[in-house]
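These notes concern the structure reproduced below.
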Amino acid sequence: MKPIWIADDDPSIRFVLEKALAREELPTRSFDSPKAVLDALADGADEGPQVLVSDIRMPGGSGLELLEKVKCQHPALPVIIMTAYSDLDSAVAAFQGGAFEYLPKPFDLPKAVELIRRAVEESQREEVAQETLAAAPEILGQAPAMQDVFRAIGRLSQSHVTVLITGESGSGKELVARALHKHSPRAKGPFVAINTAAIPKDLLESELFGHERGAFTGAQTLRRGRFEQAEGGTLFLDEIGDMPFELQTRLLRVLSDGHYYRVGGHSAIKANVRVIAATHQNLEQRVKEGAFREDLYHRLNVIRLRLPPLRERREDIPLLARFFLQHSARQLEVEPKRLSDAALEVLSAFDFPGNVRQLENLCHWLTVMAPAQVIEVKDLPPEVLAALNERRQPSAAEPAASAPAPSALSVPSDAPATPQAPMPPAWALGGAVVPPASAAAGTPQAWEAALQAEAMALLAEGRHDVWDALIRRVETRLIQTALQATRGRRIEAAQRLGIGRNTITRKIQELGLE
């Protein structure tokens with residue numbers, strides 16, 4: 001890891017921060033003036049800083065001037081400005097120059113370390129994203145459906161217009177958003193992404209718009225929101241369909257007049273940000289249900305890009321699989337494995353409900369778990385083999401085709417012919433498929449492996465709500481399945497699930513299953 005650079009003419013401040021960060025095993029390098037920092041950057045003898053922490057007032061120049069010059073050379077570098085309370089107005093002005101955060105003096109040391117660690121994490125996330133983009137073409141694909149996407153990105157390359165990207169989870173919507181940013185006039189500005197579904201509702205407003213010091217309990221410092229962090233660049237709002245209804249009004253106001261307020265603030269801030277939104281949901285249906293504002297929908301839906309699911313571009317699976325196997329091998333520092341023709345054929349026929357993300361996770365799993373350099377069909381993960389077995393089952397029953405056996409969806413002859421929603425042959429858990437017991441007879445733990453794969457994928461995204469996200473989805477599937485089995489009779493469904501009548505009623509409301 002690169003060092004944290006500390007710029008302050010007060011040796012006691014440098015000493016205290018150096019010792020505190022050393023205890024956290026974070027390397028440091030100190031400077032006593034802005035000129036020394038700029039000279040070190042120009043020298044290029046080392047990799048540069050992971051984070052820069054600078055005082056606002058120093059001999060020979062100010063921290064704000066240093067911020068401006070550093071941001072010209074390293075726009076993605078998080079810069080924390082230290083300031084006395086008397087300099088608060090100057091510190092707030094620093095945010096217009098792209099400061100990550102400010103640290104008021106005298107500061108609480110644990111809070112200062114926590115802030116620096118947060119900046120380090122942000123810097124490392126950006127580095128990983130940049131490395132990923134640099135290591136490969138922005139988006140891989142030769143299928144006609146993907147060529148349409150590439151042409152659309154090209155046509156939008158000189159535009160500032162708002163774009164709505166639709167597509168299933170894991171299909172690569174953020175990659176398209178990054179490509180739109182990279183080829184736009186705002187390419188030199190920041191690209192800031194936020195998943196609106198991954199942040200608790202009561203924190204999302206502050207995360208988007210920032211808050212003033214003292215705006216609510218625990219708001220001890222002024223915080224810049226994602227709109228301010230994306231100033232001059234692009235803000236990517238992922239899973240916009242899950243944004244709380246009351247926040248949609250605030251977002252609409254920003255898109256309409258270009259101004260917003262921090263939480264607890266009274267001064268309007270002008271937003272110079274291009275908004276790109278994405279969702280896997282049907283926003284038109286959400287509008288009809290009253291869960292999404294129609295006026296916001298029309299504001300976002302200026303240009304729409306539909307990203308095809310992987311099952312609509314199966315010819316790209318071999319190309320993507322080779323790339324992901326090589327990428328995983330580089331990460332693990334091993335020889336890349338390759339798929340046999342038979343294994344590649346099975347993968348190409350798999351539906352991949354988790355799309356490209358699921359294929360990437362699957363290739364990483366194969367790099368670790370496959371016993372030989374050539375991956376055979378038997379080495380593929382349980383969910384793929386279960387789907388293969390399921391496809392083969394009808395052929396085994398062909399001799400009895402003249403009198404077909406009733407399917408699992410058939411209504412028994414002594415049962416009323418009540419319309420019933422069809423149960424899918426396998427239920428999707430995000431990036432993995434969990435087959436029913438009948439389809440996974442040879443792999444009794446297939447659903448557990450699929451659950452583990454999905455949990456690993458969410459953890460790899462850096463999310464902090466993995467428990468809640470998976471439990472919510474499991475509860476949804478359990479209740480939906482029980483209601484289908486009991487034809488909508490809640491009390492019977494609750495009894496068969498082993499939960500109380502009040503519990504299932506409350507869960508149906510909480511999960512939006514009315």
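Each chain in the structure tokens gets a letter, A, B, ..., in the order shown, and its residues are numbered from 1; ligands are numbered from 1 in order too.
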
Stretch 497-507 of chain A surroundings by only C-alpha atoms, 9 Å radius, close-in-sequence under 6 positions cut, as a PyMOL selection string: chain A and resi 475-476+478-479+482+490-491+513

Report as a count of residues only all protein, DNA and RNA residues lying within 6 Å of stretch 16-31 of chain A, evaluated on only C-alpha atoms, omitting residues in the same chain fewer than 2 positions from it. 8

Do a neighbour search on stretch 203-207 of chain A at 12 Å with only C-alpha atoms, toss out local chain neighbours closer than 6 positions, and write the hits as number ranges by chain. A: 192-197, 213, 215-216, 218-219, 222-229, 237, 240, 242-251, 260-265

Residues near A:Ala119, cut-off 9 Å, only C-alpha atoms, skip fewer than 4 positions along chain, as a ChimeraX atom specification: /A:50-51,78-80,100-101,114-115,123-124

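Excluding stretch 318-328 of chain A itself and same-chain residues fewer than 3 positions from it, the residues having an atom within 6 Å of it are Gln331, Pro336, Glu360, Cys363 and His364 of chain A, counting only C-alpha atoms.
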
Pick out the closest residue to A:Val302 from this set: A:Thr162, A:Gln281, A:Gln495, A:Thr83. Count only C-alpha atoms.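 Under the stated criterion, the closest residue is A:Thr162.
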
Taking into account only C-alpha atoms, which residue in the set A:Asn361, A:Arg338, A:Asp108, A:Ile81 is nearest to A:Glu461?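 Checking each of A:Asn361, A:Arg338, A:Asp108, A:Ile81 against A:Glu461, counting only C-alpha atoms, the winner is A:Asn361.
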
How far is it from atom CA of A:Asp465 to atom CA of A:Pro200, in Å with one decimal? 8.9 Å

Env of A:Ser159: 8 Å cut, atoms = only C-alpha atoms, seq-sep filter 2 positions within chain, self excluded. Answer as a VMD selection string. chain A and resid 156 to 157 161 184 to 185

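For the residues A:Met58, A:Ile165, A:Leu77, A:Leu66, ranking by smallest atom-to-atom distance to A:His280 using only C-alpha atoms places A:Ile165 first.
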
Distance criterion (only C-alpha atoms): nearest to A:Ala343 out of A:Arg117, A:Arg489, A:Arg477, A:Lys378: A:Lys378

Based on DSSP run over this structure's backbone, return all residues of stretch 276-405 of chain A in helix (DSSP H, G or I), as a PyMOL selection string. chain A and resi 283-288+294-300+310-312+314-332+341-349+355-369+377-379+382-396+398-400

For the atom pair atom CA of A:Gly189 and atom CA of A:Val254, what is the interatomic distance in Å to one decimal place?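 These atoms are spaced 19.0 Å apart.
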
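Each of A:Ala469, A:Leu332, A:Ile139, A:Val384 was checked against A:Ile199 using only C-alpha atoms; the smallest atom-to-atom distance is that of A:Ala469.
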
Using only C-alpha atoms, the residue out of A:Gln373, A:Gly232, A:Leu52, A:Gly488 with shortest distance to A:Glu335 is A:Gln373

Would you kindly return, as a ChimeraX atom specification, each protein, DNA or RNA residue with an atom no farther than 12 Å from any atom of A:Gly60, considering only C-alpha atoms and excluding same-chain residues fewer than 2 positions away? /A:8-9,32-38,56-58,62-63,65-66

With N, CA and C atoms kept, could you save the residues just selected as an mmCIF file, in the first residue's frame?
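Done, and the output landed in selection.cif:
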```
data_model
loop_
_atom_site.group_PDB
_atom_site.id
_atom_site.type_symbol
_atom_site.label_atom_id
_atom_site.label_comp_id
_atom_site.auth_asym_id
_atom_site.auth_seq_id
_atom_site.Cartn_x
_atom_site.Cartn_y
_atom_site.Cartn_z
ATOM 1 N N ASP A 8 1.864 19.535 7.037
ATOM 2 C CA ASP A 8 1.531 20.486 8.103
ATOM 3 C C ASP A 8 2.834 21.085 8.617
ATOM 4 N N ASP A 9 2.836 22.416 8.832
ATOM 5 C CA ASP A 9 4.058 23.050 9.329
ATOM 6 C C ASP A 9 4.243 22.837 10.823
ATOM 7 N N ASP A 32 6.478 19.638 5.448
ATOM 8 C CA ASP A 32 6.212 20.830 6.251
ATOM 9 C C ASP A 32 5.725 22.017 5.425
ATOM 10 N N SER A 33 5.526 21.803 4.111
ATOM 11 C CA SER A 33 5.061 22.906 3.270
ATOM 12 C C SER A 33 4.425 22.358 1.996
ATOM 13 N N PRO A 34 3.561 23.143 1.351
ATOM 14 C CA PRO A 34 2.989 22.714 0.071
ATOM 15 C C PRO A 34 4.049 22.484 -0.998
ATOM 16 N N LYS A 35 5.107 23.325 -0.978
ATOM 17 C CA LYS A 35 6.156 23.182 -1.989
ATOM 18 C C LYS A 35 6.827 21.811 -1.891
ATOM 19 N N ALA A 36 7.062 21.349 -0.657
ATOM 20 C CA ALA A 36 7.708 20.044 -0.477
ATOM 21 C C ALA A 36 6.829 18.919 -1.050
ATOM 22 N N VAL A 37 5.520 19.061 -0.896
ATOM 23 C CA VAL A 37 4.602 18.053 -1.440
ATOM 24 C C VAL A 37 4.668 18.054 -2.963
ATOM 25 N N LEU A 38 4.597 19.240 -3.553
ATOM 26 C CA LEU A 38 4.604 19.342 -5.017
ATOM 27 C C LEU A 38 5.931 18.872 -5.600
ATOM 28 N N ILE A 56 -4.653 23.703 6.172
ATOM 29 C CA ILE A 56 -5.163 24.736 5.262
ATOM 30 C C ILE A 56 -4.257 25.961 5.240
ATOM 31 N N ARG A 57 -3.525 26.211 6.351
ATOM 32 C CA ARG A 57 -2.647 27.387 6.424
ATOM 33 C C ARG A 57 -1.223 26.931 6.722
ATOM 34 N N MET A 58 -0.320 27.205 5.760
ATOM 35 C CA MET A 58 1.091 26.845 5.920
ATOM 36 C C MET A 58 1.952 27.928 5.285
ATOM 37 N N SER A 62 -1.134 27.889 0.661
ATOM 38 C CA SER A 62 -2.248 27.363 1.440
ATOM 39 C C SER A 62 -2.603 25.958 0.999
ATOM 40 N N GLY A 63 -3.326 25.274 1.872
ATOM 41 C CA GLY A 63 -3.783 23.939 1.541
ATOM 42 C C GLY A 63 -4.747 23.937 0.380
ATOM 43 N N GLU A 65 -4.637 25.977 -2.269
ATOM 44 C CA GLU A 65 -3.843 26.047 -3.494
ATOM 45 C C GLU A 65 -3.208 24.694 -3.801
ATOM 46 N N LEU A 66 -2.735 24.029 -2.739
ATOM 47 C CA LEU A 66 -2.147 22.704 -2.908
ATOM 48 C C LEU A 66 -3.199 21.722 -3.440
#
```

Would you please give, as a ChimeraX atom specification, all residues of stretch 117-283 of chain A that DSSP assigns to strand (DSSP E) based on the backbone? /A:163-166,191-195,234-238,259-260,269-270,274-279

Could you take the residues named above and write them with N, CA and C atoms, as a short mmCIF file (atom, residue, chain, number, x, y, z; two decimals), in the first residue's frame?
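Contents of result.cif, as written:
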```cif
data_model
loop_
_atom_site.label_atom_id
_atom_site.label_comp_id
_atom_site.auth_asym_id
_atom_site.auth_seq_id
_atom_site.Cartn_x
_atom_site.Cartn_y
_atom_site.Cartn_z
N VAL A 163 -28.85 9.32 -19.00
CA VAL A 163 -29.05 8.01 -19.62
C VAL A 163 -29.62 7.05 -18.57
N LEU A 164 -30.58 6.24 -18.98
CA LEU A 164 -31.14 5.18 -18.14
C LEU A 164 -30.73 3.84 -18.74
N ILE A 165 -30.00 3.05 -17.96
CA ILE A 165 -29.54 1.73 -18.41
C ILE A 165 -30.42 0.68 -17.74
N THR A 166 -31.04 -0.16 -18.54
CA THR A 166 -31.87 -1.23 -17.99
C THR A 166 -31.24 -2.57 -18.33
N PHE A 191 -15.80 9.78 -11.58
CA PHE A 191 -16.94 8.88 -11.78
C PHE A 191 -17.30 8.33 -10.41
N VAL A 192 -18.48 8.66 -9.92
CA VAL A 192 -18.91 8.26 -8.57
C VAL A 192 -20.13 7.37 -8.71
N ALA A 193 -20.05 6.18 -8.12
CA ALA A 193 -21.16 5.22 -8.21
C ALA A 193 -21.75 4.99 -6.83
N ILE A 194 -23.07 4.83 -6.78
CA ILE A 194 -23.76 4.52 -5.53
C ILE A 194 -24.90 3.56 -5.83
N ASN A 195 -25.00 2.50 -5.04
CA ASN A 195 -26.09 1.55 -5.17
C ASN A 195 -27.18 1.97 -4.19
N THR A 234 -19.42 12.39 -13.45
CA THR A 234 -20.62 11.58 -13.64
C THR A 234 -21.02 10.91 -12.34
N LEU A 235 -22.31 10.93 -12.04
CA LEU A 235 -22.85 10.22 -10.88
C LEU A 235 -23.69 9.06 -11.40
N PHE A 236 -23.31 7.84 -10.99
CA PHE A 236 -24.02 6.64 -11.43
C PHE A 236 -24.91 6.15 -10.30
N LEU A 237 -26.22 6.20 -10.51
CA LEU A 237 -27.20 5.77 -9.51
C LEU A 237 -27.69 4.38 -9.89
N ASP A 238 -27.11 3.37 -9.25
CA ASP A 238 -27.48 1.99 -9.55
C ASP A 238 -28.74 1.61 -8.78
N HIS A 259 -30.04 22.31 -8.69
CA HIS A 259 -29.62 22.74 -7.35
C HIS A 259 -30.13 21.75 -6.30
N TYR A 260 -29.41 21.70 -5.19
CA TYR A 260 -29.83 20.84 -4.08
C TYR A 260 -29.32 21.44 -2.77
N ILE A 269 -26.83 24.50 -3.45
CA ILE A 269 -25.56 24.16 -4.09
C ILE A 269 -25.87 23.77 -5.53
N LYS A 270 -25.14 24.38 -6.46
CA LYS A 270 -25.36 24.07 -7.88
C LYS A 270 -24.64 22.78 -8.24
N ARG A 274 -23.36 14.94 -14.45
CA ARG A 274 -24.18 14.16 -15.37
C ARG A 274 -24.68 12.92 -14.61
N VAL A 275 -25.96 12.65 -14.69
CA VAL A 275 -26.55 11.52 -13.99
C VAL A 275 -26.80 10.38 -14.97
N ILE A 276 -26.28 9.20 -14.61
CA ILE A 276 -26.60 7.97 -15.32
C ILE A 276 -27.24 7.04 -14.31
N ALA A 277 -28.43 6.56 -14.61
CA ALA A 277 -29.16 5.69 -13.70
C ALA A 277 -29.28 4.30 -14.30
N ALA A 278 -29.47 3.31 -13.43
CA ALA A 278 -29.62 1.93 -13.90
C ALA A 278 -30.61 1.20 -13.01
N THR A 279 -31.28 0.23 -13.58
CA THR A 279 -32.22 -0.58 -12.81
C THR A 279 -32.44 -1.91 -13.51
#
```

Go ahead and compute the interatomic distance for atom CA of A:Pro190 and atom CA of A:Pro110, in Å to one decimal.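 Answer for the atom CA of A:Pro190 to atom CA of A:Pro110 separation: 28.7 Å.
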